Structure formats: C-alpha cells, structure tokens
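A.B. asks: Hey, dropping model-v3.txt in here, compact mmCIF, C-alpha atoms and all ligand atoms:
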```
# COMPACT_ATOMS: atom_id res chain seq x y z
CA ILE E 145 -6.80 24.70 17.76
CA LYS E 146 -3.28 23.57 18.64
CA ARG E 147 -3.53 22.27 22.16
CA ILE E 148 -6.32 20.98 24.40
CA GLY E 149 -6.46 20.13 28.09
CA VAL E 150 -8.34 17.23 29.64
CA LEU E 151 -9.16 16.21 33.20
CA THR E 152 -11.31 13.69 35.07
CA SER E 153 -13.22 15.07 38.04
CA GLY E 154 -15.52 13.95 40.88
CA GLY E 155 -16.30 10.33 41.67
CA ASP E 156 -14.41 8.12 39.22
CA ALA E 157 -16.54 6.09 36.84
CA PRO E 158 -15.73 2.95 34.86
CA GLY E 159 -14.97 4.10 31.33
CA MET E 160 -13.18 7.32 32.25
CA ASN E 161 -9.94 5.79 30.97
CA ALA E 162 -11.65 4.84 27.73
CA ALA E 163 -12.88 8.43 27.37
CA LEU E 164 -9.40 9.80 28.03
CA ARG E 165 -7.93 7.44 25.45
CA ALA E 166 -10.53 8.52 22.90
CA VAL E 167 -9.78 12.21 23.52
CA VAL E 168 -6.03 11.69 23.09
CA LEU E 169 -6.41 9.52 19.98
CA ALA E 170 -8.90 11.91 18.37
CA ALA E 171 -6.75 14.93 19.17
CA GLU E 172 -3.70 13.24 17.67
CA HIS E 173 -5.76 12.27 14.63
CA TYR E 174 -6.56 15.94 14.05
CA GLY E 175 -3.02 17.13 14.75
CA ILE E 176 -3.81 18.59 18.19
CA GLU E 177 -1.64 18.20 21.31
CA THR E 178 -3.23 16.99 24.56
CA ILE E 179 -2.23 18.03 28.06
CA ALA E 180 -3.84 16.14 30.95
CA PHE E 181 -4.34 17.73 34.36
CA ARG E 182 -3.98 15.25 37.19
CA HIS E 183 -6.40 15.06 40.15
CA GLY E 184 -9.24 16.95 38.45
CA TYR E 185 -9.57 20.68 39.10
CA GLN E 186 -6.91 20.46 41.78
CA GLY E 187 -4.44 19.79 38.98
CA LEU E 188 -5.55 22.95 37.20
CA LEU E 189 -4.77 24.94 40.35
CA ASP E 190 -1.45 23.21 40.99
CA ASN E 191 -0.42 23.22 37.32
CA ASP E 192 -0.05 19.45 37.62
CA ALA E 193 0.01 18.95 33.86
CA VAL E 194 1.34 16.07 31.76
CA PRO E 195 1.48 15.84 27.96
CA MET E 196 -0.41 12.84 26.61
CA GLN E 197 0.21 10.97 23.42
CA ALA E 198 -1.25 7.79 21.94
CA LYS E 199 1.46 5.71 23.59
CA ASP E 200 0.41 7.02 27.03
CA VAL E 201 -3.13 5.70 26.66
CA LEU E 202 -2.25 2.26 25.35
CA HIS E 203 -4.23 -0.59 26.95
CA ILE E 204 -6.08 1.51 29.49
CA LEU E 205 -9.67 1.23 28.25
CA GLN E 206 -10.19 -2.10 29.97
CA TYR E 207 -9.53 -0.61 33.41
CA SER E 208 -11.80 1.40 35.69
CA GLY E 209 -10.48 4.29 37.76
CA THR E 210 -8.60 6.99 35.88
CA ILE E 211 -4.88 7.03 35.14
CA ILE E 212 -4.83 10.84 35.44
CA LYS E 213 -6.56 10.59 38.86
CA SER E 214 -9.72 12.31 40.01
CA ALA E 215 -10.69 14.43 42.98
CA ARG E 216 -13.47 16.49 44.47
CA CYS E 217 -12.14 20.05 44.67
CA ARG E 218 -14.28 22.24 46.95
CA ARG E 219 -11.96 25.19 46.49
CA PHE E 220 -12.79 25.36 42.81
CA LYS E 221 -16.12 27.07 43.66
CA GLU E 222 -14.21 30.22 44.55
CA VAL E 223 -13.72 32.99 41.99
CA GLU E 224 -10.00 33.17 42.78
CA ALA E 225 -9.63 29.46 42.02
CA ALA E 226 -11.25 29.81 38.58
CA GLN E 227 -9.06 32.85 37.88
CA LEU E 228 -5.93 30.93 38.85
CA ALA E 229 -6.99 27.99 36.66
CA ALA E 230 -7.56 30.39 33.73
CA LYS E 231 -4.10 31.86 34.24
CA ASN E 232 -2.51 28.40 34.31
CA LEU E 233 -4.39 27.30 31.19
CA ASP E 234 -3.28 30.44 29.34
CA SER E 235 0.32 30.02 30.44
CA LEU E 236 0.26 26.55 28.83
CA ASN E 237 -1.35 27.98 25.64
CA ILE E 238 -4.36 25.69 25.96
CA ASP E 239 -7.18 26.53 23.55
CA ALA E 240 -9.90 24.25 24.92
CA LEU E 241 -10.58 22.05 27.96
CA ILE E 242 -12.46 18.75 28.16
CA VAL E 243 -13.91 17.89 31.58
CA ILE E 244 -14.89 14.26 32.11
CA GLY E 245 -17.19 14.02 35.15
CA GLY E 246 -20.70 14.42 36.55
CA ASP E 247 -22.99 17.35 37.27
CA GLY E 248 -20.78 18.80 40.01
CA SER E 249 -17.81 18.80 37.65
CA PHE E 250 -19.92 20.51 34.98
CA ARG E 251 -20.84 23.25 37.44
CA GLY E 252 -17.11 23.72 37.95
CA ALA E 253 -16.60 23.84 34.18
CA ASP E 254 -19.30 26.48 33.80
CA HIS E 255 -17.79 28.50 36.62
CA LEU E 256 -14.41 28.37 34.89
CA ALA E 257 -16.04 29.50 31.63
CA ASN E 258 -16.92 32.79 33.37
CA HIS E 259 -13.24 33.49 33.86
CA TRP E 260 -11.50 31.88 30.88
CA GLN E 261 -11.75 32.55 27.15
CA GLY E 262 -11.05 29.00 25.91
CA GLN E 263 -13.67 26.49 24.81
CA ILE E 264 -15.01 24.09 27.45
CA ILE E 265 -16.67 20.77 26.69
CA GLY E 266 -18.05 18.27 29.23
CA VAL E 267 -18.13 14.50 28.84
CA PRO E 268 -20.65 12.76 31.20
CA GLY E 269 -18.82 10.31 33.45
CA THR E 270 -20.59 9.17 36.62
CA ILE E 271 -22.09 5.89 37.75
CA ASP E 272 -25.22 7.71 38.96
CA ASN E 273 -26.62 8.49 35.48
CA ASP E 274 -28.06 11.69 36.96
CA VAL E 275 -27.05 14.04 34.15
CA TYR E 276 -29.74 15.58 31.97
CA GLY E 277 -29.34 15.46 28.20
CA THR E 278 -27.63 12.13 27.69
CA ASP E 279 -29.42 8.79 27.62
CA GLN E 280 -26.67 7.26 29.74
CA THR E 281 -23.55 8.45 31.49
CA ILE E 282 -20.20 6.69 31.23
CA GLY E 283 -19.91 4.21 34.15
CA TYR E 284 -23.59 3.64 34.73
CA ALA E 285 -23.85 0.38 32.75
CA THR E 286 -20.94 -1.10 34.69
CA ALA E 287 -22.37 -0.07 38.07
CA VAL E 288 -25.71 -1.70 37.24
CA ALA E 289 -23.97 -4.87 36.06
CA ILE E 290 -21.95 -5.04 39.30
CA ALA E 291 -25.03 -4.47 41.46
CA MET E 292 -27.01 -7.07 39.47
CA ASP E 293 -24.21 -9.59 39.85
CA ALA E 294 -24.11 -8.98 43.62
CA LEU E 295 -27.90 -9.26 43.87
CA ASP E 296 -27.84 -12.59 42.03
CA LYS E 297 -25.31 -13.87 44.54
CA ILE E 298 -27.30 -12.54 47.46
CA ARG E 299 -30.39 -14.32 46.11
CA ASP E 300 -28.63 -17.69 46.38
CA THR E 301 -28.03 -17.31 50.09
CA ALA E 302 -31.35 -15.52 50.74
CA ASP E 303 -33.13 -18.48 49.13
CA ALA E 304 -31.10 -21.04 51.04
CA MET E 305 -31.69 -19.40 54.41
CA ASP E 306 -35.16 -17.94 53.83
CA ARG E 307 -33.87 -14.52 54.75
CA VAL E 308 -34.63 -10.92 53.94
CA PHE E 309 -31.67 -9.02 52.47
CA ILE E 310 -31.31 -5.26 52.18
CA VAL E 311 -28.76 -4.45 49.51
CA GLU E 312 -27.60 -0.84 49.53
CA VAL E 313 -26.55 0.63 46.20
CA MET E 314 -25.07 4.00 45.23
CA GLY E 315 -26.98 6.95 43.81
CA ARG E 316 -27.94 9.21 46.69
CA ASP E 317 -29.95 11.64 44.54
CA ALA E 318 -31.00 9.38 41.70
CA GLY E 319 -32.48 5.89 41.62
CA PHE E 320 -31.12 4.71 38.26
CA ILE E 321 -28.76 2.10 39.69
CA GLY E 322 -31.43 1.05 42.21
CA LEU E 323 -34.22 0.67 39.67
CA CYS E 324 -32.23 -1.15 37.01
CA SER E 325 -30.36 -3.44 39.38
CA ALA E 326 -33.67 -4.33 41.07
CA MET E 327 -35.33 -5.05 37.76
CA SER E 328 -32.47 -7.04 36.30
CA SER E 329 -32.22 -9.23 39.41
CA GLY E 330 -35.91 -9.66 40.20
CA ALA E 331 -35.75 -7.91 43.57
CA GLU E 332 -39.00 -7.84 45.53
CA ARG E 333 -38.76 -4.22 46.55
CA MET E 334 -36.77 -1.06 46.00
CA ILE E 335 -36.43 2.19 47.90
CA LEU E 336 -35.30 4.96 45.57
CA PRO E 337 -34.87 8.70 46.14
CA GLU E 338 -37.56 9.51 43.58
CA LEU E 339 -40.07 7.14 45.22
CA GLN E 340 -39.23 8.32 48.73
CA LYS E 341 -39.77 11.92 47.68
CA GLU E 342 -43.20 11.04 46.35
CA LYS E 343 -44.30 8.98 49.34
CA ALA E 344 -41.82 7.75 51.93
CA LEU E 345 -42.13 4.04 52.74
CA THR E 346 -42.94 3.35 56.39
CA ILE E 347 -41.48 0.42 58.32
CA SER E 348 -44.95 -0.99 58.92
CA ALA E 349 -45.83 -0.91 55.20
CA LEU E 350 -42.51 -2.62 54.45
CA VAL E 351 -43.05 -5.33 57.05
CA LYS E 352 -46.57 -5.91 55.75
CA HIS E 353 -45.20 -6.30 52.23
CA ILE E 354 -42.45 -8.71 53.30
CA LYS E 355 -44.87 -10.89 55.26
CA ARG E 356 -47.40 -10.93 52.45
CA VAL E 357 -44.77 -11.90 49.85
CA GLN E 358 -43.53 -14.69 52.10
CA GLU E 359 -47.07 -15.87 52.66
CA ILE E 360 -48.02 -15.83 48.94
CA ARG E 361 -44.86 -17.69 47.96
CA GLY E 362 -44.58 -19.97 50.92
CA GLU E 363 -40.89 -19.16 51.32
CA GLY E 364 -38.85 -16.49 53.01
CA SER E 365 -36.36 -15.13 50.48
CA TYR E 366 -36.96 -11.39 49.96
CA VAL E 367 -34.38 -9.10 48.40
CA MET E 368 -34.71 -5.36 48.64
CA VAL E 369 -32.59 -2.75 46.87
CA LEU E 370 -32.06 0.39 48.91
CA SER E 371 -30.50 3.51 47.39
CA GLU E 372 -27.96 5.05 49.77
CA HIS E 373 -29.13 7.83 52.12
CA GLN E 374 -32.78 6.81 51.74
CA TRP E 375 -33.22 5.25 55.19
CA PRO E 376 -31.93 6.61 58.49
CA GLY E 377 -28.84 4.51 59.28
CA GLY E 378 -29.02 2.77 55.90
CA ALA E 379 -29.25 -0.97 55.24
CA VAL E 380 -27.56 -1.90 58.53
CA ALA E 381 -30.04 0.00 60.72
CA LEU E 382 -33.03 -1.17 58.71
CA SER E 383 -32.07 -4.82 58.85
CA GLU E 384 -31.35 -4.58 62.59
CA GLN E 385 -34.77 -3.05 63.11
CA LEU E 386 -36.49 -5.75 61.05
CA GLU E 387 -34.81 -8.46 63.12
CA ALA E 388 -35.12 -6.89 66.54
CA GLU E 389 -38.61 -5.43 66.34
CA TYR E 390 -40.32 -7.63 63.78
CA HIS E 391 -38.41 -10.92 64.18
CA LEU E 392 -37.68 -11.16 60.47
CA PRO E 393 -34.35 -12.88 59.74
CA CYS E 394 -32.57 -10.15 57.83
CA ARG E 395 -29.05 -9.22 56.67
CA PRO E 396 -27.63 -6.02 55.18
CA CYS E 397 -25.19 -5.85 52.29
CA LEU E 398 -23.46 -2.60 51.32
CA LEU E 399 -22.03 -2.59 47.83
CA GLY E 400 -20.38 0.82 48.17
CA HIS E 401 -17.38 1.61 46.01
CA ILE E 402 -17.26 -1.90 44.55
CA GLN E 403 -19.75 -0.41 42.07
CA ARG E 404 -16.99 1.78 40.65
CA GLY E 405 -14.36 -0.87 39.95
CA GLY E 406 -13.48 -3.85 37.78
CA PRO E 407 -13.60 -4.08 34.00
CA PRO E 408 -15.89 -1.47 32.45
CA ALA E 409 -18.91 -2.98 30.67
CA PRO E 410 -18.80 -2.98 26.86
CA ALA E 411 -21.54 -0.31 26.75
CA ASP E 412 -19.41 2.04 28.86
CA ARG E 413 -16.24 1.46 26.84
CA ILE E 414 -18.12 2.16 23.62
CA LEU E 415 -20.01 5.20 24.93
CA ALA E 416 -16.78 6.64 26.37
CA SER E 417 -14.96 6.06 23.09
CA GLU E 418 -17.66 7.76 21.06
CA LEU E 419 -18.12 10.71 23.42
CA GLY E 420 -14.37 11.29 23.79
CA VAL E 421 -14.07 11.65 20.02
CA HIS E 422 -17.28 13.69 19.88
CA ALA E 423 -15.88 16.13 22.44
CA VAL E 424 -12.77 16.78 20.31
CA GLU E 425 -14.86 17.16 17.17
CA LEU E 426 -17.15 19.62 18.97
CA ILE E 427 -14.12 21.70 19.80
CA LEU E 428 -13.08 21.70 16.15
CA ALA E 429 -16.62 22.77 15.23
CA GLY E 430 -16.27 25.76 17.59
CA ALA E 431 -18.64 24.53 20.33
CA HIS E 432 -18.31 25.96 23.83
CA ARG E 433 -19.96 25.38 27.23
CA VAL E 434 -21.68 22.20 26.09
CA MET E 435 -21.67 18.55 27.06
CA ALA E 436 -20.85 15.96 24.42
CA ALA E 437 -23.74 13.53 24.77
CA LYS E 438 -25.58 10.65 23.16
CA SER E 439 -29.33 11.02 22.95
CA GLN E 440 -31.73 8.82 21.00
CA ASN E 441 -28.88 7.22 19.11
CA ALA E 442 -27.27 10.47 17.97
CA CYS E 443 -24.29 12.45 19.19
CA VAL E 444 -25.54 15.81 20.43
CA ALA E 445 -24.29 18.92 22.25
CA VAL E 446 -26.22 19.94 25.37
CA PRO E 447 -25.72 23.36 27.02
CA LEU E 448 -23.74 22.70 30.20
CA ARG E 449 -26.19 24.52 32.46
CA GLU E 450 -29.07 22.30 31.32
CA THR E 451 -27.20 19.21 32.45
CA TRP E 452 -27.82 19.99 36.10
CA GLU E 453 -30.67 22.51 35.94
CA LYS E 454 -32.94 19.95 34.32
CA LYS E 455 -33.64 16.60 35.96
CA HIS E 456 -32.85 13.33 34.22
CA PRO E 457 -36.03 11.41 35.01
CA LEU E 458 -36.25 7.71 35.75
CA ASP E 459 -37.88 5.63 33.04
CA GLU E 460 -41.57 5.75 34.00
CA ASN E 461 -42.36 2.52 32.20
CA LEU E 462 -39.61 0.57 33.97
CA LEU E 463 -40.83 2.02 37.27
CA ARG E 464 -44.41 0.96 36.55
CA ILE E 465 -43.41 -2.54 35.49
CA GLN E 466 -41.15 -3.10 38.47
CA HIS E 467 -43.55 -1.52 40.95
CA GLU E 468 -46.85 -2.90 39.70
CA ILE E 469 -46.54 -5.80 37.25
CA PHE E 470 -43.61 -7.47 39.01
CA ASN E 471 -44.88 -6.73 42.50
CA PRO E 472 -45.83 -10.11 44.01
CA VAL E 473 -48.41 -8.30 46.15
CA LYS E 474 -51.12 -6.90 43.95
CA LYS E 475 -52.77 -3.60 44.81
CA LYS E 476 -56.11 -5.12 45.74
CA GLN E 477 -54.47 -7.42 48.27
CA GLN E 478 -52.35 -4.58 49.69
CA ARG E 479 -55.43 -2.65 50.78
O1 LIG L 1 -21.15 10.38 42.21
C1 LIG L 1 -20.81 9.06 42.18
C2 LIG L 1 -20.83 8.44 43.54
O2 LIG L 1 -20.32 7.14 43.43
C3 LIG L 1 -22.22 8.42 44.22
O3 LIG L 1 -23.03 7.36 43.79
C4 LIG L 1 -21.84 8.32 45.66
O4 LIG L 1 -22.86 8.82 46.48
C5 LIG L 1 -20.60 9.15 45.75
O5 LIG L 1 -20.02 9.16 44.45
C6 LIG L 1 -19.57 8.69 46.72
O6 LIG L 1 -18.56 9.62 46.76
P1 LIG L 1 -17.12 9.37 47.37
O7 LIG L 1 -16.39 8.42 46.46
O8 LIG L 1 -16.50 10.72 47.39
O9 LIG L 1 -17.33 8.76 48.72
```
Give the structure from the file, written as structure tokens.
C.D. replies:
Amino acid sequence: IKRIGVLTSGGDAPGMNAALRAVVLAAEHYGIETIAFRHGYQGLLDNDAVPMQAKDVLHILQYSGTIIKSARCRRFKEVEAAQLAAKNLDSLNIDALIVIGGDGSFRGADHLANHWQGQIIGVPGTIDNDVYGTDQTIGYATAVAIAMDALDKIRDTADAMDRVFIVEVMGRDAGFIGLCSAMSSGAERMILPELQKEKALTISALVKHIKRVQEIRGEGSYVMVLSEHQWPGGAVALSEQLEAEYHLPCRPCLLGHIQRGGPPAPADRILASELGVHAVELILAGAHRVMAAKSQNACVAVPLRETWEKKHPLDENLLRIQHEIFNPVKKKQQR
C-alpha cells in the first residue's frame, strides 16, 4: 500500500476532522501517502483531489464541520458515476479509499466496490447514530450534548412561564438523539420514530398527559422532545395546535443544524481518532468492504452491507426507564 484516498460524505458530523487527522497521521506513520477528495463523492467524480500531510491536519480536531468539505451526491448511485470514480482513483494510483460518513455514504462505498479493485473502508460519522455494528457513531455524542444543553435552557423559561415546550431534534429515522437528550434533561415526553412506528401518539393522548402532569405537579412546565418528521408540520404545527385548540400555553423550538456545530465532545474526538487509525490499520491488514467500528470496547470490522441492512436498535432499558420509571403519570392513572 503506497497511497490511500479519503473523503467525508453526507451530513457533516462533529469529529469528522478528528477522523481525517487520524487517517493522515496513521498513514504517515506507516509510510503511506494520503490524498483527500473534496466534497465527498462529488470530488471523486470531479477529480478534486488534494494531497494531505500531517501539517495539513494540524489543530483541526477541535472543530466540527470538515475541512475537506462534504456533500450529498445523488449522481453517485449511477453505474457510470462509480465507473468514473474508479477510473479517477486508478489514474491517481490509489490503493485504498476511506469513506467517513453514514449509512447512505456506505451504500455509495459498496456501490463503488462493484466497479473498483481497491480496498474500501468506512468510518461511521453521523450525528444520528443509526449505523449498525458500532456502539456509537462519530458526532452523536456532540449532538446529544448540544440538545441537552438547549433543553436545560428551555427548562428555565418553561418553568418561569409555566409553558409547554416542543423541542425538535434531528434524527428522522432514528430516535437516538431524541431518547438520550430527553433522558439527560429530564424531559416529560418524547416522540421518536421507533415509538411512533409501534403506536403513533394521538393529540388527545398527548393533551391528557400534559394536563395530568401539570395537575400532579401543580405547575405548568412540560418539555417534550420531538424527533424531526414525526409530527405533521413538526414542532411549530403541534405547538400551534396545542395553543389554539387546547388552550395550552406552548412554544416550539427547532434545534436543526445547531446540533452539528461547535466543539466536538471529547467522546467524539477520541472515537474519531481511534477509528481513523483503525481504518488505516485495517487496510494494512488487507480488509475490504468493511466499516472500522468500536463495539463493546473493541475495535472491530463490520461488513459494509450489514451497516445499513441491519437496524441499530435503541437501548431498550433506557427506553423503559424514560418511558415508565421517569414518566410522571403512572400507567394505572393513565387508564
Ligand atoms: O444525517 C444527519 C442529519 O443531520 C439528519 O439528522 C438530518 O435529518 C439530516 O442530516 C439533514 O440533512 P441536511 O443537512 O442535508 O439538511
């Protein structure tokens, strides 16, 4: 192995820079050159390639975003796109490619593997944590910390004004951010994709819950975490409905892309550092079409296809605790 390529793809995640730095430093350590492709797969198609050395990744691990840029590249699904990428990789004499991204990016990596002979290794980077085979993805810890911090702030004003707040968090297909931010901030309720799929919450059940909590506690503050795309019209529509139809003082708060910025949490910097090195060492060990992951405290290699074909489940025990033990309204009273 003389030369490897690296790119960041899909929604950026805090810690992607730390992962890039780790890849470059590990490659240099083992006497391998690194070429970065800018703007994710688009860079592979445009041959937008830049050599990377240790000096190019100095002092970047404390920043979110990605210095080599990221993008969502729809065109990469096409066979011709993968063939063009393979041609470009070969023309640069690249032996292996590291893709830092989420499940969509891994699908792209697997697609490329059908048309290119080099080794391909994924590194899980997404705030959603919805990748099977790794305990956590790079960026997730930061997103939860940001959401928790926002929820703590919201609680101050909710308490002061005796209001209901609906705080919308990211994770349209997975409730990891929703569940853990709700638990770490003591939210009264959460609406998560996994829960909605099981049994969708109705407005009347929600109103009943809010009123009961307010009655039990003798005060009005009620904070709900809502995963994006889980209510028609989102937090804004729901809070308008609660005010207009049920006369509950309510405000929405959309955290949006704030969850992807600011200093990456220590856990993300460390995970990214370890997995970036692991990815390079997997290449040296001859691995191909796998994701460099951390599972049960060990560095492992997970077949790329499994990362999206299998579902990363929410922690059942956390769900139970948050939903039952911490629910101010006990089951008997709900009936
Ligand atoms: O995949 C990460 C993520 O932040 C999701 O939580 C969110 O639904 C999506 O990206 C937003 O994508 P975009 O930045 O393209 O609007």
A.B. asks: (-32.6, 1.6, 58.4) in this file's frame - what residues fall within 12 Å of it? Use all atoms listed in the file and give the answer as a VMD selection string.
C.D. replies: chain E and resid 310 to 312 335 345 to 347 350 370 to 387 394 to 396
A.B. asks: Name the closest residue to ligand LIG 1 (chain L) among the candidates E:Phe181, E:Phe320, E:Trp452, E:Tyr276; distances are taken between atoms, counting only C-alpha atoms and all ligand atoms.
C.D. replies: E:Phe320
A.B. asks: Check the smallest atom-to-atom distance from each of E:Cys217, E:Ala171, E:Ala226, E:Val367 to ligand LIG 1 (chain L) using all atoms listed in the file, then report the winner.
C.D. replies: E:Cys217
A.B. asks: I want to know what sits within 10 Å of region 431-436 of chain E, based on all atoms listed in the file, with residues of the same chain fewer than 2 positions away left out; could you give that as a PyMOL selection string?
C.D. replies: chain E and resi 240-244+250+253-254+256-257+261-268+275-278+418-429+438-439+443-451
A.B. asks: Which residue is closest to ligand LIG 1 (chain L)? Choose from E:Gly149, E:Gly430, E:Gly269, E:Pro195 and count all atoms listed in the file.
C.D. replies: E:Gly269
A.B. asks: Grab me every residue within 6 Å of ligand LIG 1 (chain L), counting all atoms listed in the file, and send it over as a ChimeraX atom specification.
C.D. replies: /E:155,270-272,314-316
A.B. asks: For the selection just defined, write its residues with C-alpha atoms to a file, as a tab-separated table (two decimals), in the frame of the given file.
C.D. replies:
```tsv
chain	number	residue	atom	x	y	z
E	155	GLY	CA	-16.30	10.33	41.67
E	270	THR	CA	-20.59	9.17	36.62
E	271	ILE	CA	-22.09	5.89	37.75
E	272	ASP	CA	-25.22	7.71	38.96
E	314	MET	CA	-25.07	4.00	45.23
E	315	GLY	CA	-26.98	6.95	43.81
E	316	ARG	CA	-27.94	9.21	46.69
```
A.B. asks: For Leu339 (chain E), please output as a PDB file with C-alpha atoms, in the coordinates of the input all residues within 12 Å (counting only C-alpha atoms; exclusion window: fewer than 2 positions along the same chain).
C.D. replies:
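selection.pdb, written as the output of this step:
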```
ATOM      1  CA  ASP E 317     -29.950  11.640  44.540  1.00  0.00           C
ATOM      2  CA  ALA E 318     -31.000   9.380  41.700  1.00  0.00           C
ATOM      3  CA  GLY E 319     -32.480   5.890  41.620  1.00  0.00           C
ATOM      4  CA  PHE E 320     -31.120   4.710  38.260  1.00  0.00           C
ATOM      5  CA  GLY E 322     -31.430   1.050  42.210  1.00  0.00           C
ATOM      6  CA  LEU E 323     -34.220   0.670  39.670  1.00  0.00           C
ATOM      7  CA  ARG E 333     -38.760  -4.220  46.550  1.00  0.00           C
ATOM      8  CA  MET E 334     -36.770  -1.060  46.000  1.00  0.00           C
ATOM      9  CA  ILE E 335     -36.430   2.190  47.900  1.00  0.00           C
ATOM     10  CA  LEU E 336     -35.300   4.960  45.570  1.00  0.00           C
ATOM     11  CA  PRO E 337     -34.870   8.700  46.140  1.00  0.00           C
ATOM     12  CA  LYS E 341     -39.770  11.920  47.680  1.00  0.00           C
ATOM     13  CA  GLU E 342     -43.200  11.040  46.350  1.00  0.00           C
ATOM     14  CA  LYS E 343     -44.300   8.980  49.340  1.00  0.00           C
ATOM     15  CA  ALA E 344     -41.820   7.750  51.930  1.00  0.00           C
ATOM     16  CA  LEU E 345     -42.130   4.040  52.740  1.00  0.00           C
ATOM     17  CA  LEU E 370     -32.060   0.390  48.910  1.00  0.00           C
ATOM     18  CA  SER E 371     -30.500   3.510  47.390  1.00  0.00           C
ATOM     19  CA  GLN E 374     -32.780   6.810  51.740  1.00  0.00           C
ATOM     20  CA  PRO E 457     -36.030  11.410  35.010  1.00  0.00           C
ATOM     21  CA  LEU E 458     -36.250   7.710  35.750  1.00  0.00           C
ATOM     22  CA  GLU E 460     -41.570   5.750  34.000  1.00  0.00           C
ATOM     23  CA  LEU E 463     -40.830   2.020  37.270  1.00  0.00           C
ATOM     24  CA  ARG E 464     -44.410   0.960  36.550  1.00  0.00           C
ATOM     25  CA  HIS E 467     -43.550  -1.520  40.950  1.00  0.00           C
TER      26      HIS E 467
END
```
A.B. asks: Which residue is closest to Arg147 (chain E)? Choose from E:Thr178, E:Ser365, E:Gln186, E:Thr301 and count all atoms listed in the file.
C.D. replies: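 Among the listed residues, the smallest separation from Arg147 (chain E) belongs to E:Thr178.
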A.B. asks: Which residue gives the smallest distance to Val351 (chain E) among E:His259, E:Met327, E:His391, E:Leu236, with only C-alpha atoms counted?
C.D. replies: E:His391
A.B. asks: Considering only C-alpha atoms, can you say which of E:Ser153, E:Asn258, E:Asn471, E:Gln197 comes closest to Arg356 (chain E)?
C.D. replies: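 Closest candidate: E:Asn471.
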A.B. asks: For the atom pair CA of Ala289 (chain E) and CA of Gly154 (chain E), what is the interatomic distance in Å to one decimal place?
C.D. replies: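 These atoms are spaced 21.2 Å apart.
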A.B. asks: Please, what distance in Å, to one decimal, runs between CA of Gly400 (chain E) and CA of Met292 (chain E)?
C.D. replies: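 CA of Gly400 (chain E) sits 13.5 Å away from CA of Met292 (chain E).
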A.B. asks: What's the separation between CA of Ile414 (chain E) and CA of Cys324 (chain E), in Å to one decimal place?
C.D. replies: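 Those two atoms sit 19.7 Å apart.
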A.B. asks: Tell me, as a PDB file with C-alpha atoms, in the frame of the given file, which residues lie within 10 Å of Gly159 (chain E), counting only C-alpha atoms; anything in the same chain fewer than 4 positions away does not count.
C.D. replies:
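Writing the result to selection24.pdb gives the following:
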```
ATOM      1  CA  ALA E 163     -12.880   8.430  27.370  1.00  0.00           C
ATOM      2  CA  LEU E 164      -9.400   9.800  28.030  1.00  0.00           C
ATOM      3  CA  ARG E 165      -7.930   7.440  25.450  1.00  0.00           C
ATOM      4  CA  ILE E 204      -6.080   1.510  29.490  1.00  0.00           C
ATOM      5  CA  LEU E 205      -9.670   1.230  28.250  1.00  0.00           C
ATOM      6  CA  GLN E 206     -10.190  -2.100  29.970  1.00  0.00           C
ATOM      7  CA  TYR E 207      -9.530  -0.610  33.410  1.00  0.00           C
ATOM      8  CA  SER E 208     -11.800   1.400  35.690  1.00  0.00           C
ATOM      9  CA  GLY E 209     -10.480   4.290  37.760  1.00  0.00           C
ATOM     10  CA  THR E 210      -8.600   6.990  35.880  1.00  0.00           C
ATOM     11  CA  GLY E 269     -18.820  10.310  33.450  1.00  0.00           C
ATOM     12  CA  THR E 270     -20.590   9.170  36.620  1.00  0.00           C
ATOM     13  CA  ILE E 271     -22.090   5.890  37.750  1.00  0.00           C
ATOM     14  CA  THR E 281     -23.550   8.450  31.490  1.00  0.00           C
ATOM     15  CA  ILE E 282     -20.200   6.690  31.230  1.00  0.00           C
ATOM     16  CA  GLY E 283     -19.910   4.210  34.150  1.00  0.00           C
ATOM     17  CA  TYR E 284     -23.590   3.640  34.730  1.00  0.00           C
ATOM     18  CA  ALA E 285     -23.850   0.380  32.750  1.00  0.00           C
ATOM     19  CA  THR E 286     -20.940  -1.100  34.690  1.00  0.00           C
ATOM     20  CA  ARG E 404     -16.990   1.780  40.650  1.00  0.00           C
ATOM     21  CA  GLY E 405     -14.360  -0.870  39.950  1.00  0.00           C
ATOM     22  CA  PRO E 407     -13.600  -4.080  34.000  1.00  0.00           C
ATOM     23  CA  PRO E 408     -15.890  -1.470  32.450  1.00  0.00           C
ATOM     24  CA  ALA E 409     -18.910  -2.980  30.670  1.00  0.00           C
ATOM     25  CA  PRO E 410     -18.800  -2.980  26.860  1.00  0.00           C
ATOM     26  CA  ALA E 411     -21.540  -0.310  26.750  1.00  0.00           C
ATOM     27  CA  ASP E 412     -19.410   2.040  28.860  1.00  0.00           C
ATOM     28  CA  ARG E 413     -16.240   1.460  26.840  1.00  0.00           C
ATOM     29  CA  ILE E 414     -18.120   2.160  23.620  1.00  0.00           C
ATOM     30  CA  LEU E 415     -20.010   5.200  24.930  1.00  0.00           C
ATOM     31  CA  ALA E 416     -16.780   6.640  26.370  1.00  0.00           C
ATOM     32  CA  SER E 417     -14.960   6.060  23.090  1.00  0.00           C
TER      33      SER E 417
END
```
A.B. asks: If we count all atoms listed in the file and set the cut-off at 12 Å, which residues sit around Ala294 (chain E), ignoring sequence neighbours fewer than 2 positions away in its own chain? Please answer as a VMD selection string.
C.D. replies: chain E and resid 287 to 292 296 to 301 309 to 313 325 to 326 328 to 329 331 367 369 397 to 400 402 to 403
A.B. asks: Do you know which residues are at most 12 Å from Arg216 (chain E) counting all atoms listed in the file, after dropping those on the same chain fewer than 3 positions away, and could you put them as JSON, numbers by chain?
C.D. replies: {"E": [152, 153, 154, 155, 156, 183, 184, 185, 186, 187, 213, 219, 220, 221, 245, 246, 247, 248, 249, 252]}
A.B. asks: May I have the protein, DNA and RNA residues with an atom at most 9 Å from (-42.1, -8.8, 55.4), counting only C-alpha atoms in the file's coordinates, returned as a list in words?
C.D. replies: Val308, Ala349, Leu350, Val351, Lys352, His353, Ile354, Lys355, Arg356, Val357, Gln358, Gly364, Tyr366, Leu386, Tyr390 and Leu392 of chain E
